[in-house]
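Colleague: The following block contains the structure, expressed as structure tokens.
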Amino acid sequence: MKKRISPAVIFLVVALMAVIGCEQRADEKAPAVQAAPEELAESQEPAAEEAAVAVFQNYIETGDLPAMRQRGVLRLLAPRLAEDEALPRDGLPSAEWRALAEKFAHSRGLEPQWVYVDSFAELIPALTEGRGDVIATNYSRTTERAEQIAFTRPLQYVRELLVTRQGAEPAQADAEPLQVAVRRGSAFAETLSNGGEPQQRFEIAYLDEPIQHDDLLAAVADGEYMATVIDSNLAEALLPSYPHLTTSSELDSQRAIAWAVRREAPKLKRALNEFFTAEHVLASQHRERPLRDWQAIKETRTLRVLTRNHPASYFIWRGELMGFDYDLLKQFAREHKLRLSMVVPGPDVDLVEALNAGMGDMIAASLTVTDSRRQQGLVFSRPYMSVTEQVIAAGAAAAELQAQPVAELLAGKQVVVNPLTSYHGSLEKLAGEQSTPMQIVPAAGATTEQLIDAVVEGVYPYTVADSHLVAIESTYRDDFTVVGELPGERDIAWAVRGDQSQLLQQLNGFLKKHHRGLFFNVTYNKYFKETKRILRHQRDRLRSIDQLSPYDPLVREYAAAANRDWRMVVSQMYQESQFDPRAQSFAGARGLMQVLPRTARQMGISDLFVPENSIRAGVSYLEWLEQRFPRDLPFDQKIYFTLAAYNAGHGHVRDARKLAARLGKDPDLWFGNVEEAMLLLSRPEYHRQTRFGYVRGREPVNYVRQIRERYLGYLSVARNDKEIGN
């Protein structure tokens, strides 16, 4: 019998093909563009010995994001460099950009396809002529380029460094020009020529062939070229290998690194800007951190809680964060003078794995106590609720099914559940006892609501949900029926790791103090007993990000023009006015974005009670404030500093940054650093030493945190917003 080709062999062949290169042209009209082999398709015949290479055939497309969705492909443009075919090197941005670009494509349901050109000079023609969709590389935004294409929000700022051999004489006014080798079409040539003819002290040697950064630096070290120019983010990774080279900042040039799209693709540009903001904000929240017990939590004054976005634990209602677990833990945090930070990983991420990776300090997600979870290392708190696991069918078919025992009812039938829930294990146990086992269909990342929708729509005959979630769903919909229950009651509890005995003790003490007391009962009834309130909450509970506020079209328009994520602006708008266009503060700030009239007048805007005027003024003011901070601040930190300045004033934030530096904290990081200094500026011994004096520091600290938490809540809704099907 002939052997099938294994996936590992296929991957090896693909890698070899990528290194060797494919000489087939992608399009007759675009001879300089070449698409990388995308994948190898394994033959469907069991006895196949060979795998066919599926070569991407390029095309001309100048449309926006909807046109790309129709094709199902996002073409990513980059210059062909030797390091693209080499092993990744630590510190180089190329691998980071590549992963980010492919993640964006997948987030939009598109297949990423890399299209390579011979030089930086070919990138803009390839983009504008429709041979690619996004320039996704270490690409400098220049005035000349910005006149032809549309740049995204800068991903970072870099300095352009002149690289020469150590000991080389600096160029004198009357000396021969310094020969500087740069790639044709790169931003360096524009810097060297200073917008016109090359400056007298430089002679540009243009390189037309693809050349690896290492080879170019080696050529300077060997004396083949007198000098070259390199971005500071590349220099940090590459120059340690060349001890005989030195850099200078005499070019005095700092440039934004950004990606670019056609001017005719504003929807794609907006989607990229939203993606960048979300990725940077989520990255800081979801990164792995040291595993902490109670003492470390108290030192940082922040409790990070892993949860899910669903109607029992945590959700958004009219801009407010709500949920049974959320309200309980908000009280717990208040009693211990902690800040509460809810962390919602992707819906297909196991919360136990996230806890063990340090993404949070505990789990509070209506988690069922099971032996399998204990085997994963979880230790559960005192239970605070008991539920049953209920079998759900579409309402029209339910009457004839309710009388049957559950085992008989499900025999040989499909039951769809999320494999990360306890229902999956319960069904597996029941299936093992059936003569005709049911078919358990795993729906990774699916919510209870989505699975009920799938059953109601006839995609699957059955699903399973906890009784308290079923009770909530039943308050606002009547298109499904409970047709049975799986055996036994289940306890619901919070969970920690086995090495968090002190945190567990604190949680158990809180539950013992409040369980079935006034606070607990009022909170429980609010979410599970009071039908009118539950109905109101569930009717307006945020289930998708199609509409976050009554003013979304205006926010989208002005946020997109400023390269901002409209969801962050909406989160801030709610914080300012709760979406009330007639709101007015005691200080005289007006409208949805609570801008002072004198500030608006400086921007030529009046009548702030008109929603469009207020939104335009607020976004413009955000832009003005952002420009007051150093350009090279990290992407997400610039957002936080700008929000703090919007609330407290730029001067007070600048004072806080200086104070943070004096205290040994990082003046370029807001959370845990500058925010701590901001809190101190309400105390005389600190604010008397500053230029702008006293500020109620708790206000901007809470302001930034609450806007970020709401924005993260919006993102968790967006991740859950997907269809479930076969």
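Note on naming: chains are A, B, ... as they come in the structure tokens, residues start from 1 per chain, ligands start from 1 in the order shown.
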Out of range 321-523 of chain A, which residues get alpha helix (DSSP H) from DSSP, as a ChimeraX atom specification?

Modeller: /A:324-335,351-356,371-375,406-410,422-431,448-456,467-474,501-514,518-523

Colleague: Set the distance at 8 Å and use only C-alpha atoms: which residues neighbour Val464 in chain A once local chain neighbours fewer than 3 positions away are removed? I'd like the list as a PyMOL selection string.

Modeller: chain A and resi 389-392+415-417+423

Colleague: Check the smallest atom-to-atom distance from each of A:Ala493, A:Val406, A:Val349, A:Leu238 to Ile363 in chain A using only C-alpha atoms, then report the winner.

Modeller: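 Of A:Ala493, A:Val406, A:Val349, A:Leu238, the one nearest Ile363 in chain A, counting only C-alpha atoms, is A:Ala493.
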
Colleague: Just how far from CA of Asn356 in chain A is CA of Leu378 in chain A, in Å to one decimal?

Modeller: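 Atom-to-atom, CA of Leu378 in chain A to CA of Asn356 in chain A, that is 9.3 Å.
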
Colleague: Of the candidates A:Asn418, A:Thr599, A:Asn309, A:Ser372, which shows the shortest atom-to-atom distance to Gly649 in chain A, using only C-alpha atoms?

Modeller: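 Using only C-alpha atoms, Gly649 in chain A sits closest to A:Thr599.
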
Colleague: Need the shell around Glu274 in chain A: protein/DNA/RNA residues with any atom at most 6 Å away, counting only C-alpha atoms. Skip same-chain ones fewer than 3 positions apart. Format as a ChimeraX atom specification?

Modeller: /A:271,277,565

Colleague: Got time to write the residues from that selection, N, CA and C atoms, as a short mmCIF file (atom, residue, chain, number, x, y, z; two decimals), in the first residue's frame?

Modeller:
data_model
loop_
_atom_site.label_atom_id
_atom_site.label_comp_id
_atom_site.auth_asym_id
_atom_site.auth_seq_id
_atom_site.Cartn_x
_atom_site.Cartn_y
_atom_site.Cartn_z
N ALA A 271 -10.80 49.72 9.34
CA ALA A 271 -10.71 48.40 9.97
C ALA A 271 -9.31 48.15 10.52
N THR A 277 -5.63 49.32 17.42
CA THR A 277 -5.96 49.77 18.77
C THR A 277 -6.34 48.59 19.65
N ASP A 565 -10.02 54.62 16.85
CA ASP A 565 -11.00 53.54 16.96
C ASP A 565 -12.29 54.13 17.49
#

Colleague: List the spatial neighbours of Ser501 in chain A as a list in words - criterion: any atom at most 10 Å away, only C-alpha atoms, same-chain residues fewer than 4 positions off excluded.

Modeller: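 Here the answer would be Asp293, Trp294, Val379, Val496, Arg497, Gln505, Gln506 and Leu507 of chain A.
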
Colleague: Mind dumping the selected residues with C-alpha atoms as a tab-separated table (two decimals), in the first residue's frame?

Modeller:
chain	number	residue	atom	x	y	z
A	293	ASP	CA	-1.39	35.36	45.45
A	294	TRP	CA	-3.11	37.80	47.78
A	379	VAL	CA	-9.32	24.98	43.58
A	496	VAL	CA	-8.13	29.92	41.82
A	497	ARG	CA	-4.89	28.00	41.37
A	505	GLN	CA	-9.29	32.43	52.07
A	506	GLN	CA	-10.30	36.02	51.32
A	507	LEU	CA	-12.89	34.95	48.73

Colleague: Just want the 10 Å neighbourhood of range 587-598 of chain A, counted on only C-alpha atoms, with same-chain residues fewer than 3 positions away dropped. Output as a VMD selection string.

Modeller: chain A and resid 551 569 to 570 572 to 584 601 to 619 621 646 to 647

Colleague: Using the selection just defined, write its residues with N, CA and C atoms as an mmCIF file, in the first residue's frame.

Modeller:
data_model
loop_
_atom_site.group_PDB
_atom_site.id
_atom_site.type_symbol
_atom_site.label_atom_id
_atom_site.label_comp_id
_atom_site.auth_asym_id
_atom_site.auth_seq_id
_atom_site.Cartn_x
_atom_site.Cartn_y
_atom_site.Cartn_z
ATOM 1 N N TYR A 551 -25.392 57.508 18.319
ATOM 2 C CA TYR A 551 -24.621 58.458 17.518
ATOM 3 C C TYR A 551 -23.462 57.791 16.777
ATOM 4 N N VAL A 569 -13.869 55.930 21.273
ATOM 5 C CA VAL A 569 -14.523 57.233 21.389
ATOM 6 C C VAL A 569 -15.917 57.069 21.990
ATOM 7 N N VAL A 570 -16.656 56.041 21.580
ATOM 8 C CA VAL A 570 -17.981 55.789 22.159
ATOM 9 C C VAL A 570 -17.855 55.483 23.652
ATOM 10 N N GLN A 572 -15.595 56.549 25.666
ATOM 11 C CA GLN A 572 -15.324 57.821 26.325
ATOM 12 C C GLN A 572 -16.584 58.687 26.364
ATOM 13 N N MET A 573 -17.366 58.683 25.297
ATOM 14 C CA MET A 573 -18.590 59.481 25.245
ATOM 15 C C MET A 573 -19.550 59.067 26.359
ATOM 16 N N TYR A 574 -19.690 57.755 26.565
ATOM 17 C CA TYR A 574 -20.570 57.300 27.642
ATOM 18 C C TYR A 574 -20.033 57.772 28.993
ATOM 19 N N GLN A 575 -18.725 57.704 29.177
ATOM 20 C CA GLN A 575 -18.123 58.135 30.429
ATOM 21 C C GLN A 575 -18.408 59.617 30.683
ATOM 22 N N GLU A 576 -18.409 60.401 29.611
ATOM 23 C CA GLU A 576 -18.603 61.837 29.743
ATOM 24 C C GLU A 576 -20.065 62.215 29.968
ATOM 25 N N SER A 577 -20.982 61.586 29.244
ATOM 26 C CA SER A 577 -22.358 62.100 29.227
ATOM 27 C C SER A 577 -23.447 61.046 29.317
ATOM 28 N N GLN A 578 -23.075 59.758 29.363
ATOM 29 C CA GLN A 578 -24.062 58.680 29.300
ATOM 30 C C GLN A 578 -24.965 58.848 28.070
ATOM 31 N N PHE A 579 -24.371 59.354 26.981
ATOM 32 C CA PHE A 579 -25.052 59.547 25.695
ATOM 33 C C PHE A 579 -26.162 60.594 25.763
ATOM 34 N N ASP A 580 -26.089 61.506 26.742
ATOM 35 C CA ASP A 580 -27.076 62.590 26.846
ATOM 36 C C ASP A 580 -26.533 63.832 26.134
ATOM 37 N N PRO A 581 -27.111 64.222 24.997
ATOM 38 C CA PRO A 581 -26.575 65.377 24.256
ATOM 39 C C PRO A 581 -26.776 66.706 24.978
ATOM 40 N N ARG A 582 -27.649 66.748 26.003
ATOM 41 C CA ARG A 582 -27.894 67.986 26.740
ATOM 42 C C ARG A 582 -27.123 68.029 28.059
ATOM 43 N N ALA A 583 -26.227 67.097 28.263
ATOM 44 C CA ALA A 583 -25.481 67.054 29.525
ATOM 45 C C ALA A 583 -24.637 68.312 29.697
ATOM 46 N N GLN A 584 -24.531 68.770 30.950
ATOM 47 C CA GLN A 584 -23.718 69.940 31.270
ATOM 48 C C GLN A 584 -23.126 69.752 32.653
ATOM 49 N N ARG A 601 -14.524 76.897 20.849
ATOM 50 C CA ARG A 601 -14.383 78.113 20.029
ATOM 51 C C ARG A 601 -13.010 78.198 19.395
ATOM 52 N N GLN A 602 -11.985 77.730 20.112
ATOM 53 C CA GLN A 602 -10.633 77.745 19.549
ATOM 54 C C GLN A 602 -10.514 76.842 18.331
ATOM 55 N N MET A 603 -11.430 75.883 18.203
ATOM 56 C CA MET A 603 -11.448 74.994 17.049
ATOM 57 C C MET A 603 -12.512 75.401 16.035
ATOM 58 N N GLY A 604 -13.140 76.557 16.271
ATOM 59 C CA GLY A 604 -14.149 77.049 15.346
ATOM 60 C C GLY A 604 -15.477 76.334 15.450
ATOM 61 N N ILE A 605 -15.798 75.784 16.629
ATOM 62 C CA ILE A 605 -17.023 75.010 16.819
ATOM 63 C C ILE A 605 -17.867 75.661 17.902
ATOM 64 N N SER A 606 -19.158 75.759 17.670
ATOM 65 C CA SER A 606 -20.082 76.334 18.642
ATOM 66 C C SER A 606 -21.264 75.397 18.843
ATOM 67 N N ASP A 607 -22.165 75.777 19.750
ATOM 68 C CA ASP A 607 -23.392 75.023 20.057
ATOM 69 C C ASP A 607 -23.088 73.545 20.298
ATOM 70 N N LEU A 608 -22.478 73.271 21.419
ATOM 71 C CA LEU A 608 -22.037 71.913 21.746
ATOM 72 C C LEU A 608 -23.180 70.981 22.123
ATOM 73 N N PHE A 609 -24.389 71.495 22.244
ATOM 74 C CA PHE A 609 -25.523 70.612 22.483
ATOM 75 C C PHE A 609 -25.983 69.915 21.205
ATOM 76 N N VAL A 610 -25.470 70.338 20.068
ATOM 77 C CA VAL A 610 -25.720 69.625 18.813
ATOM 78 C C VAL A 610 -24.764 68.435 18.759
ATOM 79 N N PRO A 611 -25.262 67.200 18.663
ATOM 80 C CA PRO A 611 -24.387 66.019 18.750
ATOM 81 C C PRO A 611 -23.194 66.066 17.803
ATOM 82 N N GLU A 612 -23.403 66.431 16.551
ATOM 83 C CA GLU A 612 -22.279 66.444 15.608
ATOM 84 C C GLU A 612 -21.204 67.421 16.043
ATOM 85 N N ASN A 613 -21.599 68.596 16.523
ATOM 86 C CA ASN A 613 -20.610 69.584 16.957
ATOM 87 C C ASN A 613 -19.810 69.078 18.150
ATOM 88 N N SER A 614 -20.485 68.449 19.092
ATOM 89 C CA SER A 614 -19.799 67.956 20.280
ATOM 90 C C SER A 614 -18.829 66.832 19.937
ATOM 91 N N ILE A 615 -19.257 65.912 19.074
ATOM 92 C CA ILE A 615 -18.376 64.801 18.686
ATOM 93 C C ILE A 615 -17.180 65.318 17.913
ATOM 94 N N ARG A 616 -17.422 66.241 16.983
ATOM 95 C CA ARG A 616 -16.308 66.803 16.209
ATOM 96 C C ARG A 616 -15.329 67.518 17.130
ATOM 97 N N ALA A 617 -15.850 68.282 18.097
ATOM 98 C CA ALA A 617 -14.981 68.999 19.023
ATOM 99 C C ALA A 617 -14.198 68.026 19.896
ATOM 100 N N GLY A 618 -14.872 66.977 20.392
ATOM 101 C CA GLY A 618 -14.193 66.020 21.256
ATOM 102 C C GLY A 618 -13.071 65.291 20.555
ATOM 103 N N VAL A 619 -13.322 64.820 19.337
ATOM 104 C CA VAL A 619 -12.288 64.101 18.591
ATOM 105 C C VAL A 619 -11.139 65.043 18.235
ATOM 106 N N TYR A 621 -10.199 67.673 19.900
ATOM 107 C CA TYR A 621 -9.457 67.945 21.128
ATOM 108 C C TYR A 621 -8.559 66.775 21.495
ATOM 109 N N TYR A 646 -7.389 64.638 28.670
ATOM 110 C CA TYR A 646 -8.739 65.108 28.348
ATOM 111 C C TYR A 646 -9.513 65.383 29.639
ATOM 112 N N ASN A 647 -9.288 64.553 30.638
ATOM 113 C CA ASN A 647 -10.010 64.688 31.897
ATOM 114 C C ASN A 647 -9.380 65.709 32.829
#

Colleague: In terms of the shortest atom-to-atom distance over only C-alpha atoms, which of A:Met362, A:Leu329, A:Ala560, A:Ile492 is closest to Ser386 in chain A?

Modeller: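 Using only C-alpha atoms, the shortest distance to Ser386 in chain A belongs to A:Ile492.
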
Colleague: Please return, as a PyMOL selection string, all residues of range 466-626 of chain A that DSSP assigns to strand (DSSP E) on the basis of the backbone.

Modeller: chain A and resi 466+480-497

Colleague: Output N, CA and C atoms of each residue in that selection to a file, as an mmCIF file, in the first residue's frame.

Modeller:
data_model
loop_
_atom_site.group_PDB
_atom_site.id
_atom_site.type_symbol
_atom_site.label_atom_id
_atom_site.label_comp_id
_atom_site.auth_asym_id
_atom_site.auth_seq_id
_atom_site.Cartn_x
_atom_site.Cartn_y
_atom_site.Cartn_z
ATOM 1 N N ASP A 466 -26.989 25.735 31.543
ATOM 2 C CA ASP A 466 -27.290 25.776 32.977
ATOM 3 C C ASP A 466 -28.637 26.442 33.210
ATOM 4 N N PHE A 480 -37.934 28.583 22.451
ATOM 5 C CA PHE A 480 -37.314 27.303 22.803
ATOM 6 C C PHE A 480 -37.991 26.771 24.063
ATOM 7 N N THR A 481 -37.772 25.487 24.315
ATOM 8 C CA THR A 481 -38.368 24.847 25.487
ATOM 9 C C THR A 481 -37.359 23.897 26.120
ATOM 10 N N VAL A 482 -37.398 23.798 27.438
ATOM 11 C CA VAL A 482 -36.593 22.815 28.164
ATOM 12 C C VAL A 482 -37.312 21.478 28.084
ATOM 13 N N VAL A 483 -36.649 20.460 27.555
ATOM 14 C CA VAL A 483 -37.278 19.151 27.366
ATOM 15 C C VAL A 483 -36.727 18.096 28.314
ATOM 16 N N GLY A 484 -35.828 18.479 29.194
ATOM 17 C CA GLY A 484 -35.291 17.513 30.146
ATOM 18 C C GLY A 484 -34.082 18.081 30.862
ATOM 19 N N GLU A 485 -33.586 17.331 31.841
ATOM 20 C CA GLU A 485 -32.408 17.737 32.595
ATOM 21 C C GLU A 485 -31.427 16.586 32.673
ATOM 22 N N LEU A 486 -30.144 16.903 32.627
ATOM 23 C CA LEU A 486 -29.124 15.888 32.864
ATOM 24 C C LEU A 486 -29.095 15.569 34.358
ATOM 25 N N PRO A 487 -28.679 14.376 34.730
ATOM 26 C CA PRO A 487 -28.769 13.959 36.137
ATOM 27 C C PRO A 487 -27.955 14.844 37.074
ATOM 28 N N GLY A 488 -28.520 15.145 38.240
ATOM 29 C CA GLY A 488 -27.788 15.789 39.316
ATOM 30 C C GLY A 488 -27.786 17.302 39.263
ATOM 31 N N GLU A 489 -27.539 17.890 40.467
ATOM 32 C CA GLU A 489 -27.355 19.342 40.580
ATOM 33 C C GLU A 489 -25.865 19.654 40.505
ATOM 34 N N ARG A 490 -25.575 20.873 40.090
ATOM 35 C CA ARG A 490 -24.173 21.305 39.963
ATOM 36 C C ARG A 490 -23.955 22.570 40.788
ATOM 37 N N ASP A 491 -22.812 22.624 41.475
ATOM 38 C CA ASP A 491 -22.446 23.830 42.218
ATOM 39 C C ASP A 491 -21.734 24.811 41.297
ATOM 40 N N ILE A 492 -22.001 26.107 41.498
ATOM 41 C CA ILE A 492 -21.301 27.188 40.807
ATOM 42 C C ILE A 492 -20.390 27.871 41.819
ATOM 43 N N ALA A 493 -19.140 28.118 41.440
ATOM 44 C CA ALA A 493 -18.189 28.713 42.381
ATOM 45 C C ALA A 493 -17.135 29.498 41.616
ATOM 46 N N TRP A 494 -16.359 30.277 42.351
ATOM 47 C CA TRP A 494 -15.175 30.919 41.801
ATOM 48 C C TRP A 494 -14.010 29.943 41.883
ATOM 49 N N ALA A 495 -12.928 30.220 41.166
ATOM 50 C CA ALA A 495 -11.805 29.279 41.142
ATOM 51 C C ALA A 495 -10.480 30.015 41.149
ATOM 52 N N VAL A 496 -9.502 29.407 41.795
ATOM 53 C CA VAL A 496 -8.129 29.921 41.819
ATOM 54 C C VAL A 496 -7.183 28.752 41.584
ATOM 55 N N ARG A 497 -5.899 29.050 41.478
ATOM 56 C CA ARG A 497 -4.894 27.997 41.372
ATOM 57 C C ARG A 497 -4.619 27.403 42.751
#

Colleague: Could you check the closest approach to Asp208 in chain A for each of A:Ala407, A:Val352, A:Ile316, A:Ala181 and tell me which residue wins, using only C-alpha atoms?

Modeller: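 Between A:Ala407, A:Val352, A:Ile316, A:Ala181, the residue approaching Asp208 in chain A most closely is A:Ala181.
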
Colleague: Can you list, as an mmCIF file with N, CA and C atoms, in the first residue's frame, every protein, DNA or RNA residue that comes within 8 Å of Arg98 in chain A when you count only C-alpha atoms, leaving out same-chain residues fewer than 3 positions away?

Modeller:
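Now in part.cif:
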data_model
loop_
_atom_site.group_PDB
_atom_site.id
_atom_site.type_symbol
_atom_site.label_atom_id
_atom_site.label_comp_id
_atom_site.auth_asym_id
_atom_site.auth_seq_id
_atom_site.Cartn_x
_atom_site.Cartn_y
_atom_site.Cartn_z
ATOM 1 N N SER A 94 10.155 42.524 11.001
ATOM 2 C CA SER A 94 9.512 41.875 9.860
ATOM 3 C C SER A 94 8.611 40.717 10.287
ATOM 4 N N ALA A 95 9.083 39.874 11.209
ATOM 5 C CA ALA A 95 8.259 38.753 11.659
ATOM 6 C C ALA A 95 7.039 39.252 12.426
ATOM 7 N N ALA A 101 -0.191 41.239 10.346
ATOM 8 C CA ALA A 101 -0.963 41.346 9.110
ATOM 9 C C ALA A 101 -1.834 40.120 8.890
ATOM 10 N N GLU A 102 -1.280 38.961 9.129
ATOM 11 C CA GLU A 102 -2.050 37.732 8.921
ATOM 12 C C GLU A 102 -3.167 37.612 9.959
ATOM 13 N N ALA A 136 2.139 46.215 4.095
ATOM 14 C CA ALA A 136 2.259 45.736 5.482
ATOM 15 C C ALA A 136 3.709 45.387 5.758
ATOM 16 N N THR A 137 4.505 46.398 6.031
ATOM 17 C CA THR A 137 5.926 46.176 6.271
ATOM 18 C C THR A 137 6.457 47.342 7.083
#

Colleague: CA of Asn194 in chain A and CA of Ala227 in chain A are how many Å apart?

Modeller: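 So the two atoms, CA of Asn194 in chain A and CA of Ala227 in chain A, lie 17.2 Å apart.
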
Colleague: Write out as a PyMOL selection string which residues come within 6 Å of range 244-259 of chain A when counting only C-alpha atoms, dropping same-chain ones fewer than 5 positions away.

Modeller: chain A and resi 135-136+139-141+151-152+154-166

Colleague: Could you tell me which of A:Pro383, A:Pro700, A:Gly713, A:Pro630 comes closest to Pro345 in chain A if we count only C-alpha atoms?

Modeller: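 Comparing A:Pro383, A:Pro700, A:Gly713, A:Pro630 against Pro345 in chain A, the winner is A:Gly713.
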
Colleague: May I ask for the distance between CA of Arg292 in chain A and CA of Asp499 in chain A, given in Å to one decimal place?

Modeller: 8.7 Å

Colleague: Taking only C-alpha atoms into account, which of A:Arg262, A:His310, A:Arg683, A:Arg201 comes nearest Glu176 in chain A?

Modeller: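 Ranking A:Arg262, A:His310, A:Arg683, A:Arg201 by distance to Glu176 in chain A, first place goes to A:Arg201.
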